[in-house]
>>> print(open('my_file-v7.tsv').read())   # TSV, C-alpha atoms
chain	number	residue	atom	x	y	z
A	1	MET	CA	69.78	99.64	69.35
A	2	LYS	CA	70.20	99.05	73.07
A	3	THR	CA	73.15	100.70	74.84
A	4	ASN	CA	75.02	99.28	77.79
A	5	VAL	CA	75.20	102.10	80.28
A	6	ALA	CA	75.88	101.09	83.84
A	7	LYS	CA	74.23	102.93	86.69
A	8	LEU	CA	76.79	104.83	88.73
A	9	TYR	CA	76.23	105.84	92.35
A	10	SER	CA	77.79	108.00	95.03
A	11	LEU	CA	76.95	106.20	98.24
A	12	PRO	CA	77.11	108.12	101.54
A	13	TYR	CA	79.02	106.96	104.62
A	14	ASP	CA	75.77	106.53	106.58
A	15	ALA	CA	74.36	103.87	104.23
A	16	VAL	CA	74.77	100.16	105.01
A	17	LYS	CA	75.15	99.53	101.28
A	18	THR	CA	78.39	101.55	101.34
A	19	TYR	CA	79.99	99.15	103.81
A	20	VAL	CA	78.61	96.03	102.16
A	21	ALA	CA	79.95	97.15	98.78
A	22	ALA	CA	83.31	98.15	100.26
A	23	GLY	CA	83.52	94.82	102.08
A	24	LEU	CA	82.92	92.88	98.87
A	25	PHE	CA	85.52	94.92	97.00
A	26	VAL	CA	88.02	94.44	99.83
A	27	LEU	CA	87.45	90.68	99.57
A	28	GLY	CA	88.11	90.94	95.84
A	29	ASN	CA	91.28	92.91	96.54
A	30	ILE	CA	92.38	90.15	98.92
A	31	ALA	CA	91.62	87.24	96.57
A	32	LEU	CA	92.96	88.72	93.31
A	33	PRO	CA	96.45	89.53	94.66
A	34	GLN	CA	96.70	86.00	96.09
A	35	LEU	CA	96.06	84.60	92.61
A	36	CYS	CA	98.50	86.99	90.97
A	37	HIS	CA	101.22	86.23	93.52
A	38	LEU	CA	101.22	82.62	92.31
A	39	MET	CA	103.18	83.94	89.29
A	40	PRO	CA	106.72	85.30	89.59
A	41	GLN	CA	106.48	89.08	90.09
A	42	GLY	CA	102.71	88.73	89.65
A	43	GLY	CA	101.95	91.61	91.99
A	44	MET	CA	104.39	93.97	90.31
A	45	VAL	CA	103.19	93.07	86.80
A	46	TRP	CA	99.41	92.81	87.32
A	47	LEU	CA	98.98	95.45	90.10
A	48	PRO	CA	96.02	93.49	91.51
A	49	ILE	CA	95.61	95.47	94.74
A	50	TYR	CA	94.15	98.38	92.74
A	51	PHE	CA	91.60	96.55	90.58
A	52	PHE	CA	88.58	96.45	92.87
A	53	THR	CA	89.41	99.86	94.29
A	54	LEU	CA	88.98	101.25	90.76
A	55	VAL	CA	85.76	99.31	90.18
A	56	GLY	CA	84.27	100.14	93.57
A	57	ALA	CA	85.11	103.84	93.43
A	58	TYR	CA	83.91	104.24	89.85
A	59	LYS	CA	80.67	102.32	90.37
A	60	TYR	CA	79.74	103.35	93.92
A	61	GLY	CA	81.65	106.58	94.52
A	62	TRP	CA	84.76	107.82	96.23
A	63	ARG	CA	83.60	106.81	99.73
A	64	VAL	CA	83.38	103.12	98.81
A	65	GLY	CA	86.64	103.61	96.95
A	66	LEU	CA	88.45	105.11	99.95
A	67	LEU	CA	87.24	102.38	102.29
A	68	THR	CA	88.46	99.78	99.80
A	69	ALA	CA	91.69	101.69	99.12
A	70	VAL	CA	92.70	101.77	102.77
A	71	LEU	CA	91.42	98.43	104.02
A	72	SER	CA	92.65	96.27	101.12
A	73	PRO	CA	96.41	96.90	101.35
A	74	VAL	CA	96.39	97.02	105.16
A	75	LEU	CA	94.52	93.71	105.50
A	76	ASN	CA	96.65	92.07	102.80
A	77	SER	CA	99.79	93.20	104.60
A	78	LEU	CA	98.54	91.99	107.99
A	79	LEU	CA	97.25	88.65	106.69
A	80	PHE	CA	99.85	87.73	104.07
A	81	GLY	CA	102.80	90.10	104.47
A	82	MET	CA	102.16	91.50	101.00
A	83	PRO	CA	102.52	94.32	100.38
A	84	ALA	CA	105.51	94.63	102.65
A	85	VAL	CA	105.14	97.22	105.40
A	86	ALA	CA	107.97	99.28	103.84
A	87	VAL	CA	105.99	99.88	100.62
A	88	LEU	CA	102.59	100.22	102.29
A	89	PRO	CA	102.66	104.06	102.40
A	90	ALA	CA	103.24	104.31	98.64
A	91	ILE	CA	100.52	101.76	97.90
A	92	LEU	CA	98.11	103.51	100.23
A	93	LEU	CA	98.86	106.82	98.52
A	94	LYS	CA	98.23	105.36	95.06
A	95	SER	CA	95.10	103.55	96.26
A	96	CYS	CA	93.62	106.70	97.80
A	97	VAL	CA	94.45	108.82	94.75
A	98	LEU	CA	92.84	106.11	92.60
A	99	ALA	CA	89.68	106.11	94.73
A	100	VAL	CA	89.25	109.88	94.57
A	101	ALA	CA	90.14	110.09	90.85
A	102	ALA	CA	87.72	107.27	89.96
A	103	GLY	CA	84.89	108.76	92.00
A	104	LEU	CA	85.40	112.21	90.47
A	105	ALA	CA	85.69	110.82	86.94
A	106	ALA	CA	82.50	108.80	87.33
A	107	SER	CA	80.57	111.84	88.51
A	108	TYR	CA	82.01	113.94	85.67
A	109	PHE	CA	81.73	111.48	82.74
A	110	LYS	CA	78.49	109.82	83.97
A	111	LYS	CA	79.47	106.53	82.31
A	112	ALA	CA	82.25	103.99	82.40
A	113	SER	CA	84.13	104.26	79.12
A	114	LEU	CA	87.54	102.90	78.23
A	115	TRP	CA	88.75	106.47	77.79
A	116	ALA	CA	87.52	107.57	81.22
A	117	LEU	CA	89.02	104.54	82.96
A	118	ALA	CA	92.33	104.97	81.12
A	119	THR	CA	92.40	108.60	82.27
A	120	VAL	CA	91.81	107.54	85.88
A	121	VAL	CA	94.52	104.86	85.75
A	122	LEU	CA	97.03	107.21	84.18
A	123	ALA	CA	96.18	109.98	86.68
A	124	TYR	CA	96.61	107.83	89.77
A	125	GLN	CA	99.82	106.32	88.42
A	126	VAL	CA	101.39	109.67	87.60
A	127	VAL	CA	100.38	111.33	90.88
A	128	GLY	CA	101.24	108.18	92.83
A	129	THR	CA	104.64	107.88	91.15
A	130	LEU	CA	105.48	111.48	92.02
A	131	GLY	CA	104.37	110.89	95.60
A	132	GLU	CA	106.33	107.64	95.86
A	133	TRP	CA	109.42	109.38	94.48
A	134	ALA	CA	109.06	112.08	97.14
A	135	MET	CA	108.65	109.42	99.85
A	136	CYS	CA	111.48	107.08	98.90
A	137	GLY	CA	113.85	109.43	97.06
A	138	SER	CA	114.43	106.94	94.25
A	139	PHE	CA	113.06	107.69	90.80
A	140	ALA	CA	113.86	104.13	89.66
A	141	VAL	CA	111.77	102.63	92.46
A	142	ALA	CA	108.97	105.14	91.91
A	143	VAL	CA	108.57	104.34	88.19
A	144	GLN	CA	108.48	100.58	88.76
A	145	ASP	CA	104.76	100.41	87.90
A	146	PHE	CA	105.52	102.02	84.54
A	147	ARG	CA	108.43	99.65	83.92
A	148	LEU	CA	106.69	96.42	84.97
A	149	GLY	CA	103.01	97.15	85.51
A	150	ILE	CA	101.75	98.06	82.05
A	151	PRO	CA	99.85	94.73	81.78
A	152	GLY	CA	98.20	95.50	85.12
A	153	MET	CA	97.22	98.98	84.05
A	154	LEU	CA	95.70	97.58	80.85
A	155	LEU	CA	93.85	94.97	82.92
A	156	GLN	CA	92.50	97.72	85.16
A	157	VAL	CA	91.17	99.65	82.17
A	158	ALA	CA	89.74	96.77	80.13
A	159	GLY	CA	88.75	94.58	83.08
A	160	GLY	CA	87.32	97.52	84.99
A	161	TYR	CA	85.25	98.54	81.97
A	162	TRP	CA	83.93	95.00	81.56
A	163	PHE	CA	83.28	94.52	85.27
A	164	ILE	CA	81.42	97.84	85.68
A	165	ASN	CA	79.40	97.62	82.47
A	166	HIS	CA	78.61	93.91	82.38
A	167	VAL	CA	79.08	92.24	85.76
A	168	ILE	CA	77.70	94.87	88.18
A	169	LYS	CA	75.79	96.93	85.64
A	170	ARG	CA	72.78	97.69	87.87
>>> encode(input="my_file-v7.tsv", output="structure tokens")
Amino acid sequence: MKTNVAKLYSLPYDAVKTYVAAGLFVLGNIALPQLCHLMPQGGMVWLPIYFFTLVGAYKYGWRVGLLTAVLSPVLNSLLFGMPAVAVLPAILLKSCVLAVAAGLAASYFKKASLWALATVVLAYQVVGTLGEWAMCGSFAVAVQDFRLGIPGMLLQVAGGYWFINHVIKR
């Protein structure tokens, strides 16, 4: 019986492949939010800005993840006004926590499993929610992802698993 185990990497900052991979994931994080924003509250429900950050960090390491985590929301905000500048710090916090958590989880678990990805998504959401609460002072605003974004979190786990293990397996 053949198993589907994706190769996971931890690319260094001095490798061209790091920047090529990050660039491709940033493009994904620009395109996917644009599609999701065609639906009412699509960004708040599907949390698309985090998807390729999770995939990139888990597959290619925290460095690719951090590049994607910082560049994606900033470029989206500059190009399309979404996310709004006022929420950019909270999104950057969550994105960076996601990148580090995914990179660490990949190096610890050595494979992309649903359980590992669910742990990463839950970790970045909990830490990010606490950070957002500290930044904005509103618990209701901070827990918005948990109120509206459950479909997006599930997409990150299931879609991330599929993308890592079947689309970019090598």
>>> residues_around(input="my_file-v7.tsv", residues="Asp145 in chain A", least_positions_apart="5", cutoff="8 Å", atoms="all atoms listed in the file", output="PyMOL selection string")
chain A and resi 44-45+47+125+150
>>> closest_residue(input="my_file-v7.tsv", among="A:Val55, A:Val70, A:Val20, A:Ala90", to="Cys136 in chain A", atoms="all atoms listed in the file")
A:Ala90
>>> atom_distance(input="my_file-v7.tsv", atom1="CA of Trp46 in chain A", atom2="CA of Leu117 in chain A")
16.3 Å
>>> closest_atom_pairs(input="my_file-v7.tsv", of="range 65-146 of chain A", to="range 21-36 of chain A", cutoff="7 Å", atoms="only C-alpha atoms", output="Markdown table")
| residue | atom | partner | partner_atom | distance |
| --- | --- | --- | --- | --- |
| A:Leu67 | CA | A:Ala22 | CA | 6.1 |
| A:Thr68 | CA | A:Val26 | CA | 5.4 |
| A:Leu71 | CA | A:Val26 | CA | 6.7 |
| A:Ser72 | CA | A:Val26 | CA | 5.1 |
| A:Asn76 | CA | A:Ile30 | CA | 6.1 |
>>> write_last_selection(input="my_file-v7.tsv", atoms="C-alpha atoms", output="PDB file, in the coordinates of the input")
ATOM      1  CA  LEU A  67      87.240 102.380 102.290  1.00  0.00           C
ATOM      2  CA  THR A  68      88.460  99.780  99.800  1.00  0.00           C
ATOM      3  CA  LEU A  71      91.420  98.430 104.020  1.00  0.00           C
ATOM      4  CA  SER A  72      92.650  96.270 101.120  1.00  0.00           C
ATOM      5  CA  ASN A  76      96.650  92.070 102.800  1.00  0.00           C
TER       6      ASN A  76
END
>>> atom_distance(input="my_file-v7.tsv", atom1="CA of Tyr13 in chain A", atom2="CA of Gly160 in chain A")
23.3 Å
>>> closest_residue(input="my_file-v7.tsv", among="A:Ala158, A:Ile164, A:Ala69, A:Val85", to="Val97 in chain A", atoms="all atoms listed in the file")
A:Ala69
>>> atom_distance(input="my_file-v7.tsv", atom1="CA of Trp62 in chain A", atom2="CA of Val120 in chain A")
12.5 Å
>>> closest_residue(input="my_file-v7.tsv", among="A:Ile49, A:Met39, A:Leu11, A:Leu93", to="Val64 in chain A", atoms="all atoms listed in the file")
A:Leu11
>>> residues_around(input="my_file-v7.tsv", residues="Tyr124 in chain A", least_positions_apart="6", cutoff="10 Å", atoms="all atoms listed in the file", output="CSV table (one decimal) with C-alpha atoms, keeping the file's coordinate frame")
chain,number,residue,atom,x,y,z
A,93,LEU,CA,98.9,106.8,98.5
A,94,LYS,CA,98.2,105.4,95.1
A,95,SER,CA,95.1,103.6,96.3
A,96,CYS,CA,93.6,106.7,97.8
A,97,VAL,CA,94.4,108.8,94.8
A,98,LEU,CA,92.8,106.1,92.6
A,99,ALA,CA,89.7,106.1,94.7
A,100,VAL,CA,89.2,109.9,94.6
A,101,ALA,CA,90.1,110.1,90.8
A,102,ALA,CA,87.7,107.3,90.0
A,130,LEU,CA,105.5,111.5,92.0
>>> residues_around(input="my_file-v7.tsv", residues="Trp115 in chain A", least_positions_apart="2", cutoff="12 Å", atoms="all atoms listed in the file", output="MDAnalysis selection string")
chainID A and resid 105:106 109 111:113 117:122 154 157:158 160:161
>>> closest_residue(input="my_file-v7.tsv", among="A:Ser10, A:Thr18, A:Gln41, A:Ser77", to="Gly61 in chain A", atoms="all atoms listed in the file")
A:Ser10
>>> closest_residue(input="my_file-v7.tsv", among="A:Phe51, A:Phe139, A:Trp133, A:Tyr19", to="Gln156 in chain A", atoms="all atoms listed in the file")
A:Phe51
>>> closest_residue(input="my_file-v7.tsv", among="A:Pro48, A:Gln144, A:Lys59, A:Lys169", to="Ser107 in chain A", atoms="only C-alpha atoms")
A:Lys59
>>> axis_aligned_box(input="my_file-v7.tsv", around="range 101-108 of chain A", padding_each_side="6 Å", output="JSON")
{"center_x": 85.4, "center_y": 110.6, "center_z": 88.8, "size_x": 21.6, "size_y": 18.7, "size_z": 18.3}
>>> build_atoms(input="my_file-v7.tsv", residues="range 30-61 of chain A", atoms="N, CA and C atoms", output="PDB file, keeping the file's coordinate frame")
ATOM      1  N   ILE A  30      91.587  91.135  98.175  1.00  0.00           N
ATOM      2  CA  ILE A  30      92.380  90.150  98.920  1.00  0.00           C
ATOM      3  C   ILE A  30      92.582  88.910  98.051  1.00  0.00           C
ATOM      4  N   ALA A  31      91.537  88.460  97.386  1.00  0.00           N
ATOM      5  CA  ALA A  31      91.620  87.240  96.570  1.00  0.00           C
ATOM      6  C   ALA A  31      92.465  87.435  95.311  1.00  0.00           C
ATOM      7  N   LEU A  32      92.248  88.514  94.578  1.00  0.00           N
ATOM      8  CA  LEU A  32      92.960  88.720  93.310  1.00  0.00           C
ATOM      9  C   LEU A  32      94.479  88.793  93.487  1.00  0.00           C
ATOM     10  N   PRO A  33      94.992  89.529  94.468  1.00  0.00           N
ATOM     11  CA  PRO A  33      96.450  89.530  94.660  1.00  0.00           C
ATOM     12  C   PRO A  33      96.995  88.131  95.002  1.00  0.00           C
ATOM     13  N   GLN A  34      96.229  87.354  95.761  1.00  0.00           N
ATOM     14  CA  GLN A  34      96.700  86.000  96.090  1.00  0.00           C
ATOM     15  C   GLN A  34      96.856  85.165  94.823  1.00  0.00           C
ATOM     16  N   LEU A  35      95.944  85.310  93.891  1.00  0.00           N
ATOM     17  CA  LEU A  35      96.060  84.600  92.610  1.00  0.00           C
ATOM     18  C   LEU A  35      97.252  85.105  91.803  1.00  0.00           C
ATOM     19  N   CYS A  36      97.401  86.406  91.753  1.00  0.00           N
ATOM     20  CA  CYS A  36      98.500  86.990  90.970  1.00  0.00           C
ATOM     21  C   CYS A  36      99.864  86.662  91.560  1.00  0.00           C
ATOM     22  N   HIS A  37      99.937  86.528  92.877  1.00  0.00           N
ATOM     23  CA  HIS A  37     101.220  86.230  93.520  1.00  0.00           C
ATOM     24  C   HIS A  37     101.650  84.780  93.306  1.00  0.00           C
ATOM     25  N   LEU A  38     100.814  83.982  92.678  1.00  0.00           N
ATOM     26  CA  LEU A  38     101.220  82.620  92.310  1.00  0.00           C
ATOM     27  C   LEU A  38     102.213  82.661  91.140  1.00  0.00           C
ATOM     28  N   MET A  39     102.237  83.762  90.403  1.00  0.00           N
ATOM     29  CA  MET A  39     103.180  83.940  89.290  1.00  0.00           C
ATOM     30  C   MET A  39     104.377  84.742  89.775  1.00  0.00           C
ATOM     31  N   PRO A  40     105.553  84.470  89.230  1.00  0.00           N
ATOM     32  CA  PRO A  40     106.720  85.300  89.590  1.00  0.00           C
ATOM     33  C   PRO A  40     106.460  86.767  89.258  1.00  0.00           C
ATOM     34  N   GLN A  41     106.703  87.637  90.204  1.00  0.00           N
ATOM     35  CA  GLN A  41     106.480  89.080  90.090  1.00  0.00           C
ATOM     36  C   GLN A  41     105.043  89.422  89.693  1.00  0.00           C
ATOM     37  N   GLY A  42     104.113  88.531  90.022  1.00  0.00           N
ATOM     38  CA  GLY A  42     102.710  88.730  89.650  1.00  0.00           C
ATOM     39  C   GLY A  42     102.116  90.010  90.186  1.00  0.00           C
ATOM     40  N   GLY A  43     102.472  90.370  91.411  1.00  0.00           N
ATOM     41  CA  GLY A  43     101.950  91.610  91.990  1.00  0.00           C
ATOM     42  C   GLY A  43     102.485  92.840  91.293  1.00  0.00           C
ATOM     43  N   MET A  44     103.765  92.807  90.953  1.00  0.00           N
ATOM     44  CA  MET A  44     104.390  93.970  90.310  1.00  0.00           C
ATOM     45  C   MET A  44     103.941  94.125  88.849  1.00  0.00           C
ATOM     46  N   VAL A  45     103.601  93.029  88.205  1.00  0.00           N
ATOM     47  CA  VAL A  45     103.190  93.070  86.800  1.00  0.00           C
ATOM     48  C   VAL A  45     101.699  93.371  86.669  1.00  0.00           C
ATOM     49  N   TRP A  46     100.861  92.712  87.487  1.00  0.00           N
ATOM     50  CA  TRP A  46      99.410  92.810  87.320  1.00  0.00           C
ATOM     51  C   TRP A  46      98.752  93.857  88.220  1.00  0.00           C
ATOM     52  N   LEU A  47      99.489  94.395  89.209  1.00  0.00           N
ATOM     53  CA  LEU A  47      98.980  95.450  90.100  1.00  0.00           C
ATOM     54  C   LEU A  47      97.571  95.140  90.631  1.00  0.00           C
ATOM     55  N   PRO A  48      97.372  93.928  91.161  1.00  0.00           N
ATOM     56  CA  PRO A  48      96.020  93.490  91.510  1.00  0.00           C
ATOM     57  C   PRO A  48      95.374  94.222  92.679  1.00  0.00           C
ATOM     58  N   ILE A  49      96.151  94.826  93.546  1.00  0.00           N
ATOM     59  CA  ILE A  49      95.610  95.470  94.740  1.00  0.00           C
ATOM     60  C   ILE A  49      94.751  96.693  94.380  1.00  0.00           C
ATOM     61  N   TYR A  50      94.894  97.182  93.157  1.00  0.00           N
ATOM     62  CA  TYR A  50      94.150  98.380  92.740  1.00  0.00           C
ATOM     63  C   TYR A  50      92.869  98.073  91.973  1.00  0.00           C
ATOM     64  N   PHE A  51      92.701  96.842  91.498  1.00  0.00           N
ATOM     65  CA  PHE A  51      91.600  96.550  90.580  1.00  0.00           C
ATOM     66  C   PHE A  51      90.226  96.849  91.169  1.00  0.00           C
ATOM     67  N   PHE A  52      89.916  96.250  92.313  1.00  0.00           N
ATOM     68  CA  PHE A  52      88.580  96.450  92.870  1.00  0.00           C
ATOM     69  C   PHE A  52      88.403  97.809  93.530  1.00  0.00           C
ATOM     70  N   THR A  53      89.506  98.471  93.830  1.00  0.00           N
ATOM     71  CA  THR A  53      89.410  99.860  94.290  1.00  0.00           C
ATOM     72  C   THR A  53      88.894 100.723  93.141  1.00  0.00           C
ATOM     73  N   LEU A  54      89.446 100.521  91.953  1.00  0.00           N
ATOM     74  CA  LEU A  54      88.980 101.250  90.760  1.00  0.00           C
ATOM     75  C   LEU A  54      87.512 100.962  90.495  1.00  0.00           C
ATOM     76  N   VAL A  55      87.147  99.697  90.467  1.00  0.00           N
ATOM     77  CA  VAL A  55      85.760  99.310  90.180  1.00  0.00           C
ATOM     78  C   VAL A  55      84.806  99.859  91.233  1.00  0.00           C
ATOM     79  N   GLY A  56      85.150  99.680  92.489  1.00  0.00           N
ATOM     80  CA  GLY A  56      84.270 100.140  93.570  1.00  0.00           C
ATOM     81  C   GLY A  56      84.087 101.644  93.580  1.00  0.00           C
ATOM     82  N   ALA A  57      85.188 102.376  93.414  1.00  0.00           N
ATOM     83  CA  ALA A  57      85.110 103.840  93.430  1.00  0.00           C
ATOM     84  C   ALA A  57      84.353 104.364  92.220  1.00  0.00           C
ATOM     85  N   TYR A  58      84.577 103.762  91.063  1.00  0.00           N
ATOM     86  CA  TYR A  58      83.910 104.240  89.850  1.00  0.00           C
ATOM     87  C   TYR A  58      82.411 103.937  89.904  1.00  0.00           C
ATOM     88  N   LYS A  59      82.077 102.746  90.358  1.00  0.00           N
ATOM     89  CA  LYS A  59      80.670 102.320  90.370  1.00  0.00           C
ATOM     90  C   LYS A  59      79.880 102.939  91.526  1.00  0.00           C
ATOM     91  N   TYR A  60      80.491 102.945  92.736  1.00  0.00           N
ATOM     92  CA  TYR A  60      79.740 103.350  93.920  1.00  0.00           C
ATOM     93  C   TYR A  60      80.227 104.624  94.585  1.00  0.00           C
ATOM     94  N   GLY A  61      81.215 105.289  94.010  1.00  0.00           N
ATOM     95  CA  GLY A  61      81.650 106.580  94.520  1.00  0.00           C
ATOM     96  C   GLY A  61      82.927 106.528  95.333  1.00  0.00           C
TER      97      GLY A  61
END
